[in-house]
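Have a look at entry-v2.tsv; it's TSV, C-alpha atoms:
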```tsv
chain	number	residue	atom	x	y	z
A	19	MET	CA	-33.29	9.45	22.77
A	20	ASP	CA	-33.10	6.27	24.84
A	21	HIS	CA	-33.81	3.37	22.42
A	22	ARG	CA	-36.39	2.05	24.90
A	23	PHE	CA	-38.57	5.07	24.20
A	24	GLN	CA	-38.35	5.25	20.41
A	25	TRP	CA	-42.05	4.47	20.42
A	26	THR	CA	-42.70	8.06	21.54
A	27	THR	CA	-41.65	9.47	18.15
A	28	PHE	CA	-43.90	7.05	16.27
A	29	TYR	CA	-46.87	7.62	18.58
A	30	MET	CA	-46.59	11.41	18.35
A	31	GLU	CA	-46.39	11.34	14.57
A	32	LEU	CA	-49.35	8.97	14.35
A	33	ALA	CA	-51.41	11.26	16.59
A	34	SER	CA	-50.70	14.20	14.32
A	35	ALA	CA	-51.63	12.07	11.29
A	36	LEU	CA	-55.01	11.17	12.81
A	37	LEU	CA	-56.04	14.77	13.49
A	38	PRO	CA	-57.12	15.54	9.87
A	39	TYR	CA	-59.77	12.81	10.23
A	40	LYS	CA	-61.61	14.74	12.93
A	41	HIS	CA	-64.21	15.71	10.33
A	42	ASN	CA	-63.96	12.59	8.19
A	43	ARG	CA	-64.38	9.74	10.65
A	44	SER	CA	-66.14	7.45	8.17
A	45	GLU	CA	-62.99	7.48	6.06
A	46	LEU	CA	-60.91	6.76	9.15
A	47	ILE	CA	-63.02	3.68	9.89
A	48	LYS	CA	-62.51	2.47	6.31
A	49	ILE	CA	-58.76	2.79	6.77
A	50	LEU	CA	-58.89	0.96	10.09
A	51	LYS	CA	-60.72	-1.93	8.40
A	52	LEU	CA	-57.92	-2.15	5.83
A	53	ILE	CA	-55.29	-2.06	8.58
A	54	TYR	CA	-56.83	-4.98	10.44
A	55	SER	CA	-57.50	-6.92	7.26
A	56	ASP	CA	-53.90	-6.50	6.08
A	57	ALA	CA	-52.63	-7.48	9.54
A	58	GLY	CA	-54.79	-10.63	9.44
A	59	MET	CA	-56.75	-9.67	12.56
A	60	ASN	CA	-60.42	-9.30	13.40
A	61	PHE	CA	-61.81	-5.77	13.25
A	62	PRO	CA	-62.33	-4.86	16.95
A	63	PHE	CA	-64.41	-1.68	16.70
A	64	LYS	CA	-67.97	-2.82	17.29
A	65	GLU	CA	-71.02	-1.66	19.16
A	66	ARG	CA	-72.94	-4.00	21.43
A	67	GLY	CA	-73.30	-7.24	19.52
A	68	LYS	CA	-71.81	-7.41	16.03
A	69	GLU	CA	-72.72	-3.96	14.70
A	70	GLU	CA	-69.61	-2.12	13.56
A	71	TYR	CA	-68.84	1.41	14.74
A	72	GLU	CA	-70.21	4.24	12.65
A	73	ASP	CA	-68.05	6.68	14.58
A	74	ILE	CA	-64.80	6.50	16.53
A	75	CYS	CA	-62.48	8.67	18.63
A	76	PRO	CA	-58.67	8.88	18.33
A	77	PHE	CA	-58.05	7.64	21.87
A	78	THR	CA	-59.95	4.43	21.09
A	79	VAL	CA	-57.80	4.01	17.97
A	80	PHE	CA	-54.68	4.22	20.15
A	81	ALA	CA	-56.21	1.84	22.71
A	82	SER	CA	-56.58	-0.81	19.99
A	83	PHE	CA	-52.83	-1.40	20.03
A	84	ASN	CA	-52.24	-0.42	23.66
A	85	LYS	CA	-54.09	-3.28	25.31
A	86	GLY	CA	-53.34	-6.87	26.28
A	87	ILE	CA	-52.01	-8.18	22.98
A	88	THR	CA	-48.64	-9.67	22.15
A	89	ASN	CA	-45.81	-7.42	21.05
A	90	ALA	CA	-45.75	-9.32	17.75
A	91	ASN	CA	-49.37	-8.34	17.06
A	92	ARG	CA	-48.75	-4.79	18.23
A	93	ILE	CA	-45.80	-4.44	15.86
A	94	ALA	CA	-47.83	-5.96	13.00
A	95	LEU	CA	-50.58	-3.39	13.56
A	96	LEU	CA	-48.17	-0.47	13.84
A	97	ARG	CA	-46.56	-1.47	10.56
A	98	GLN	CA	-49.94	-1.21	8.91
A	99	PHE	CA	-50.65	2.12	10.61
A	100	ALA	CA	-47.27	3.36	9.34
A	101	ASN	CA	-48.17	2.28	5.82
A	102	ARG	CA	-51.70	3.71	5.74
A	103	PHE	CA	-50.82	7.02	7.42
A	104	SER	CA	-47.37	7.49	5.82
A	105	ILE	CA	-45.55	7.56	9.16
A	106	SER	CA	-41.87	8.30	8.65
A	107	ALA	CA	-40.76	7.34	12.17
A	108	GLU	CA	-39.41	3.84	12.60
A	109	VAL	CA	-41.92	1.27	13.80
A	110	PRO	CA	-41.01	0.60	17.46
A	111	MET	CA	-39.90	-2.85	18.56
A	112	GLU	CA	-39.88	-2.09	22.29
A	113	PHE	CA	-42.66	-0.60	24.39
A	114	GLU	CA	-41.23	0.26	27.79
A	115	GLY	CA	-43.16	2.88	29.69
A	116	ILE	CA	-46.49	2.38	27.87
A	117	PRO	CA	-49.60	1.85	30.03
A	118	VAL	CA	-52.18	-0.52	28.55
A	119	VAL	CA	-55.93	-0.82	28.97
A	120	MET	CA	-57.82	-4.05	29.53
A	121	ASN	CA	-58.90	-5.90	26.39
A	122	LEU	CA	-62.58	-5.69	27.26
A	123	SER	CA	-62.39	-1.98	28.15
A	124	ALA	CA	-60.35	-0.72	25.22
A	125	TRP	CA	-62.62	2.17	24.26
A	126	PHE	CA	-63.22	5.69	25.52
A	127	PHE	CA	-66.94	6.01	24.91
A	128	ALA	CA	-70.01	4.01	25.85
A	129	TYR	CA	-72.14	1.90	23.54
A	130	LYS	CA	-74.43	3.89	21.26
A	131	GLU	CA	-77.50	3.55	23.45
A	132	ASN	CA	-75.68	4.80	26.54
A	133	ARG	CA	-73.45	7.60	25.25
A	134	GLY	CA	-74.19	11.28	24.94
A	135	GLU	CA	-74.89	12.82	21.56
A	136	HIS	CA	-71.58	14.68	21.50
A	137	ASP	CA	-69.34	12.35	23.52
A	138	ILE	CA	-67.17	11.36	20.55
A	139	ASP	CA	-67.08	14.96	19.29
A	140	HIS	CA	-65.77	16.03	22.69
A	141	LEU	CA	-63.05	13.39	22.61
A	142	TRP	CA	-61.88	14.65	19.22
A	143	GLU	CA	-61.92	18.20	20.53
A	144	LEU	CA	-59.83	17.16	23.54
A	145	PHE	CA	-57.43	15.37	21.21
A	146	GLU	CA	-57.02	18.47	19.03
A	147	ARG	CA	-56.63	20.84	21.98
A	148	ALA	CA	-54.09	18.54	23.64
A	149	LEU	CA	-51.93	18.50	20.52
A	150	ALA	CA	-52.19	22.27	20.18
A	151	TYR	CA	-51.25	22.84	23.81
A	152	SER	CA	-48.31	20.45	23.59
A	153	ASP	CA	-46.99	22.02	20.40
A	154	ASP	CA	-47.44	25.62	21.56
A	155	VAL	CA	-48.04	26.20	25.27
A	156	SER	CA	-49.89	29.45	25.81
A	157	ALA	CA	-52.49	30.86	28.17
A	158	GLU	CA	-55.13	30.50	25.45
A	159	SER	CA	-54.27	26.89	24.50
A	160	ARG	CA	-54.14	25.97	28.19
A	161	LYS	CA	-57.58	27.49	28.83
A	162	GLU	CA	-59.15	25.77	25.83
A	163	LEU	CA	-57.67	22.42	26.83
A	164	MET	CA	-58.91	22.73	30.42
A	165	MET	CA	-62.45	23.52	29.29
A	166	ILE	CA	-62.84	20.50	27.02
A	167	TYR	CA	-60.99	18.20	29.45
A	168	ASP	CA	-63.52	19.09	32.16
A	169	LYS	CA	-66.36	18.17	29.80
A	170	VAL	CA	-64.84	14.85	28.79
A	171	ILE	CA	-64.14	13.59	32.32
A	172	LYS	CA	-67.89	13.71	33.02
A	173	GLN	CA	-68.64	11.27	30.19
A	174	LYS	CA	-69.27	7.56	30.58
A	175	MET	CA	-66.23	5.30	30.17
A	176	ILE	CA	-63.88	8.10	31.19
A	177	LYS	CA	-61.79	7.88	34.33
A	178	TRP	CA	-58.03	7.63	34.78
A	179	ASN	CA	-57.82	6.21	31.25
A	180	ILE	CA	-58.04	9.72	29.81
A	181	THR	CA	-54.62	10.53	31.28
A	182	MET	CA	-53.30	7.37	29.62
A	183	GLY	CA	-54.71	8.51	26.30
A	184	LEU	CA	-53.17	11.96	26.59
A	185	TYR	CA	-49.83	10.37	27.49
A	186	TRP	CA	-49.96	8.09	24.44
A	187	ILE	CA	-50.33	11.02	22.04
A	188	ARG	CA	-47.85	13.41	23.71
A	189	PRO	CA	-45.81	11.41	26.27
A	190	TYR	CA	-43.43	14.25	27.15
A	191	THR	CA	-46.25	16.70	27.92
A	192	PHE	CA	-48.91	14.72	29.79
A	193	ILE	CA	-48.29	12.40	32.71
A	194	ASN	CA	-50.01	9.02	32.79
A	195	LEU	CA	-51.95	8.51	36.03
A	196	ASP	CA	-52.80	4.82	35.84
A	197	SER	CA	-52.77	2.86	39.11
A	198	THR	CA	-49.10	1.88	38.71
A	199	ASN	CA	-47.95	5.47	38.29
A	200	ARG	CA	-50.23	6.78	41.04
A	201	ALA	CA	-48.80	4.33	43.54
A	202	PHE	CA	-45.25	5.22	42.54
A	203	ILE	CA	-45.37	9.00	42.40
A	204	THR	CA	-47.25	9.39	45.68
A	205	ASP	CA	-44.81	7.20	47.64
A	206	ALA	CA	-42.02	9.18	49.32
A	207	ASP	CA	-39.93	5.99	49.38
A	208	HIS	CA	-39.68	6.24	45.59
A	209	MET	CA	-39.81	9.97	44.92
A	210	PRO	CA	-38.56	13.03	46.84
A	211	ARG	CA	-41.21	14.51	49.09
A	212	ASN	CA	-41.49	17.79	47.19
A	213	PHE	CA	-42.34	15.74	44.08
A	214	THR	CA	-44.95	13.61	45.83
A	215	GLU	CA	-46.58	16.78	47.15
A	216	ILE	CA	-47.43	17.75	43.55
A	217	PHE	CA	-49.69	14.70	43.43
A	218	SER	CA	-50.92	14.77	47.04
A	219	ASP	CA	-54.59	15.16	45.98
A	220	LEU	CA	-54.73	12.06	43.78
A	221	ASN	CA	-56.48	10.11	46.55
A	222	LYS	CA	-59.47	12.40	45.96
A	223	GLY	CA	-59.94	11.00	42.48
A	224	LEU	CA	-59.35	12.06	38.90
A	225	PRO	CA	-58.24	15.73	38.93
A	226	GLU	CA	-60.08	18.40	36.99
A	227	GLY	CA	-58.38	20.24	34.15
A	228	GLU	CA	-56.69	23.04	36.08
A	229	LYS	CA	-55.26	20.61	38.62
A	230	TYR	CA	-54.17	18.01	36.08
A	231	LEU	CA	-52.35	20.51	33.87
A	232	SER	CA	-50.68	22.05	36.92
A	233	MET	CA	-49.52	18.59	37.94
A	234	CYS	CA	-48.10	17.95	34.46
A	235	GLU	CA	-46.35	21.33	34.35
A	236	GLN	CA	-44.86	21.14	37.82
A	237	ALA	CA	-43.72	17.54	37.32
A	238	ARG	CA	-42.09	18.37	33.96
A	239	ASP	CA	-40.21	21.27	35.54
A	240	ALA	CA	-39.08	19.09	38.44
A	241	LEU	CA	-37.79	16.34	36.14
A	242	LYS	CA	-35.89	18.85	34.00
A	243	GLN	CA	-33.79	19.86	37.02
A	244	LYS	CA	-31.92	16.55	36.78
A	245	GLU	CA	-32.22	16.05	40.53
A	246	TYR	CA	-34.27	12.92	39.98
A	247	ALA	CA	-33.43	9.50	38.63
A	248	TYR	CA	-36.12	10.05	35.95
A	249	HIS	CA	-35.91	12.89	33.47
A	250	SER	CA	-39.14	12.45	31.50
A	251	PHE	CA	-42.61	10.98	31.88
A	252	PRO	CA	-41.73	7.87	29.80
A	253	GLU	CA	-38.73	7.18	32.06
A	254	LEU	CA	-40.93	7.70	35.10
A	255	SER	CA	-43.64	5.34	33.81
A	256	TYR	CA	-41.09	2.68	32.92
A	257	ASN	CA	-39.47	2.78	36.36
A	258	ALA	CA	-42.89	2.78	38.06
A	259	TRP	CA	-43.73	-0.40	36.14
A	260	LYS	CA	-40.39	-2.02	37.03
A	261	ASN	CA	-40.96	-1.17	40.67
A	262	SER	CA	-44.46	-2.67	40.61
A	263	GLN	CA	-43.07	-5.93	39.25
A	264	SER	CA	-40.47	-5.99	42.02
A	265	ASP	CA	-43.10	-5.24	44.67
A	266	GLU	CA	-45.32	-8.05	43.39
A	267	SER	CA	-42.45	-10.53	43.59
A	268	VAL	CA	-41.61	-9.46	47.14
A	269	GLU	CA	-45.25	-9.60	48.21
A	270	GLU	CA	-45.73	-13.04	46.64
A	271	SER	CA	-42.65	-14.33	48.45
A	272	ARG	CA	-43.76	-12.79	51.74
A	273	THR	CA	-47.28	-14.18	51.43
A	274	LYS	CA	-46.03	-17.69	50.73
A	275	THR	CA	-43.83	-17.55	53.84
A	276	VAL	CA	-46.06	-15.74	56.32
A	277	ASP	CA	-49.48	-16.88	55.18
A	278	SER	CA	-48.63	-20.33	53.91
A	279	ASN	CA	-51.26	-21.93	56.15
A	280	VAL	CA	-54.00	-19.43	55.30
A	281	LYS	CA	-56.65	-20.32	52.74
A	282	GLU	CA	-56.90	-17.59	50.13
A	283	THR	CA	-60.22	-16.33	48.79
A	284	ALA	CA	-60.41	-14.72	45.37
A	285	TYR	CA	-63.05	-12.09	44.63
A	286	TRP	CA	-64.37	-10.68	41.36
A	287	ILE	CA	-65.42	-7.04	41.26
A	288	TYR	CA	-68.51	-6.83	39.05
A	289	SER	CA	-70.05	-3.79	37.36
A	290	PRO	CA	-73.39	-4.33	35.59
A	291	GLY	CA	-72.81	-2.47	32.36
A	292	ASP	CA	-70.91	0.74	31.64
A	293	ASN	CA	-70.77	2.66	34.93
A	294	ALA	CA	-73.37	0.22	36.36
A	295	CYS	CA	-75.99	1.51	33.89
A	296	MET	CA	-77.72	-1.91	33.77
A	297	TRP	CA	-78.02	-2.28	37.55
A	298	GLU	CA	-81.80	-2.00	37.85
A	299	GLU	CA	-82.54	-4.24	34.85
A	300	PHE	CA	-80.08	-6.95	35.89
A	301	CYS	CA	-81.25	-6.85	39.50
A	302	LYS	CA	-84.89	-7.22	38.42
A	303	LEU	CA	-84.10	-10.13	36.10
A	304	GLY	CA	-81.66	-11.78	38.50
A	305	ILE	CA	-78.88	-11.99	35.91
A	306	MET	CA	-75.25	-10.98	35.49
A	307	GLY	CA	-74.21	-9.66	32.09
A	308	ILE	CA	-70.48	-10.05	31.49
A	309	GLY	CA	-70.38	-7.96	28.31
A	310	TRP	CA	-69.02	-10.44	25.78
A	311	ASP	CA	-71.69	-9.55	23.25
A	312	ASP	CA	-69.58	-10.59	20.28
A	313	LEU	CA	-69.79	-14.24	21.35
A	314	GLY	CA	-73.33	-14.09	20.08
A	315	CYS	CA	-74.87	-16.63	22.46
A	316	SER	CA	-75.51	-17.57	26.06
A	317	LEU	CA	-72.59	-19.08	27.94
A	318	LYS	CA	-74.87	-22.05	28.68
A	319	GLU	CA	-74.25	-23.18	25.10
A	320	PHE	CA	-70.59	-23.94	25.88
A	321	SER	CA	-69.73	-27.31	27.38
A	322	SER	CA	-66.34	-26.26	28.76
A	323	LYS	CA	-64.10	-23.31	29.52
A	324	GLU	CA	-61.87	-24.43	26.66
A	325	GLU	CA	-64.75	-23.90	24.21
A	326	ILE	CA	-65.26	-20.39	25.58
A	327	LYS	CA	-61.56	-19.60	25.17
A	328	GLU	CA	-61.56	-20.96	21.64
A	329	ARG	CA	-64.58	-18.85	20.63
A	330	MET	CA	-63.00	-15.72	22.16
A	331	ARG	CA	-59.79	-16.33	20.26
A	332	LYS	CA	-61.82	-16.41	17.03
A	333	VAL	CA	-63.82	-13.29	17.87
A	334	TYR	CA	-61.11	-11.18	19.48
A	335	ASP	CA	-57.31	-11.58	19.46
A	336	ALA	CA	-56.14	-15.11	18.60
A	337	SER	CA	-52.83	-14.61	20.43
A	338	TYR	CA	-54.44	-13.98	23.83
A	339	SER	CA	-55.07	-16.90	26.21
A	340	TYR	CA	-58.41	-15.71	27.72
A	341	ARG	CA	-57.70	-18.05	30.63
A	342	ASN	CA	-58.97	-15.64	33.29
A	343	ASP	CA	-61.93	-14.60	31.15
A	344	ALA	CA	-63.05	-18.21	30.82
A	345	HIS	CA	-62.65	-18.74	34.59
A	346	CYS	CA	-64.87	-15.71	35.16
```
Taking this structure as input, can you express it in the form of structure tokens?
Amino acid sequence: MDHRFQWTTFYMELASALLPYKHNRSELIKILKLIYSDAGMNFPFKERGKEEYEDICPFTVFASFNKGITNANRIALLRQFANRFSISAEVPMEFEGIPVVMNLSAWFFAYKENRGEHDIDHLWELFERALAYSDDVSAESRKELMMIYDKVIKQKMIKWNITMGLYWIRPYTFINLDSTNRAFITDADHMPRNFTEIFSDLNKGLPEGEKYLSMCEQARDALKQKEYAYHSFPELSYNAWKNSQSDESVEESRTKTVDSNVKETAYWIYSPGDNACMWEEFCKLGIMGIGWDDLGCSLKEFSSKEEIKERMRKVYDASYSYRNDAHC
């Protein structure tokens, strides 16, 4: 295995180690508290405000170390996961090809007051069925996975991130369809046309179960033929990321040259609550809720952006700058 993708072995073993906690999630939360305490980090799994989670899904556990944190903190957490779950695979030091979620959206279910009664149960069921399908592909395992996948994609907080979660737990079975990968695999300049045709419907939105699994299966078969520069989903994701970095550099250079005399305007895209669930209330009150409930106060109480950043470093991840968050 390419040393860049040694993380795949660790991630797959960790996923298998989490499965037994499907029916003992309170014990899982206790273990997570020990992991964060031993790593010297704040426990991140909280409902709106400071109330700690009473329940959790495995994809949210994976998101806790696949978000915008430093590699040093990620490695420190994974060492603790290895210890607590007796992972035999080597703790990875490199993380090429791993998509990450935003720090303030690193969960796969809505706050307690906005989520369905069985949302977290469904996520565990999807997790279990995905592992079963990956380990033993059959008509029955495929059917069961499709059925629960189609339930989960209708839940709040679920969009393209569910394909990221499936990729984290079985990266050689499920393709990640984050924005970087979508742009890459649908561009005939990067991939052969017969490959891009597999994903020609992505512009219609997140695919349903039958379509998504067909995409994964067809893409895996195509990559196995060795006619492509990428032979696995991790290789594909890594090269898509490298290409996006190159494109950004080219675009930045072009913009500075061509549009050097044009005043730029920056825009924030705002969603009032999970899936705009607070729209009516916020509109009536004339307010904008940013969602930093853990700060525990109104932003009016801060005298500067630096104070905001300092508070966020105490509440969330101390290694993160929060520069853009404070600007917002």
message = Using all atoms listed in the file for the distances, tell me which of A:Arg43, A:His136, A:Lys51, A:Arg22 is nearest to Phe113 (chain A).
response = A:Arg22
What are the centre and the three edge lengths of an axis-aligned box that wraps all atoms of region 35-51 of chain A in the file, given that 5 Å is added to every side, written as AutoDock Vina command-line options and rounded to one decimal in Å?
```
--center_x -58.9 --center_y 6.9 --center_z 9.8 --size_x 24.5 --size_y 27.6 --size_z 17.4
```
message = Using all atoms listed in the file, can you tell me which of A:Asp343, A:Glu253, A:Glu108, A:Asp196 comes closest to Glu31 (chain A)?
response = A:Glu108
key: All residues 12 Å or closer to Met111 (chain A), all atoms listed in the file, same chain fewer than 4 positions away omitted, as a PyMOL selection string   = chain A and resi 21-26+28+88-97
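The spacing separating CA of Gly115 (chain A) from CA of Trp259 (chain A) amounts to 7.3 Å.
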request  = Would you list the contacts of Val119 (chain A) as a PyMOL selection string, taking every protein, DNA or RNA residue within 10 Å and counting all atoms listed in the file, but skipping same-chain residues closer than 5 positions in sequence?
outcome  = chain A and resi 81-86+124-125+179+182-183+196
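Look at Gln98 (chain A): the protein and nucleic acid residues within 9 Å of it, using all atoms listed in the file and passing over chain neighbours fewer than 6 places away, are Leu52, Ile53, Tyr54, Asp56 and Ala57 of chain A.
Minimum atom-to-atom distance to Glu146 (chain A), evaluated using only C-alpha atoms, belongs to A:Ser34 out of A:Ser34, A:Asn132, A:Thr204, A:Thr214.
Taking CA of Glu226 (chain A) and CA of Asp168 (chain A) as the two end points, the separation is 6.0 Å.
In this model, the gap between CA of Leu163 (chain A) and CA of Gly227 (chain A) comes to 7.7 Å.
Between Asn199 (chain A) and the residues A:Cys301, A:Ile47, A:Met165, A:Leu254, the shortest atom-to-atom distance, using only C-alpha atoms, involves A:Leu254.
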inquiry  = Under the rule that all atoms listed in the file are counted, which of A:Asp207, A:Tyr29, A:Ala128, A:His41 is the nearest residue to Tyr71 (chain A)?
reply    = A:Ala128
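Across A:Ile49, A:Met209, A:Arg160, A:Leu317, the tightest approach to Glu235 (chain A) is made by A:Arg160 when counting all atoms listed in the file.
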inquiry  = What's around Gly223 (chain A) at 12 Å? Count all atoms listed in the file, leave out sequence neighbours fewer than 6 positions away in its own chain, and write the answer as a PyMOL selection string.
reply    = chain A and resi 171+177-178+195-197+200+217+229-230
Contact residues around Leu32 (chain A) with all atoms listed in the file at 10 Å, ignoring same-chain residues under 2 positions, as a list in words = Thr26, Thr27, Phe28, Tyr29, Met30, Ser34, Ala35, Leu36, Leu37, Phe80, Leu96, Phe99, Ala100, Phe103, Ser104, Ile105, Ser106, Ala107 and Ile187 of chain A
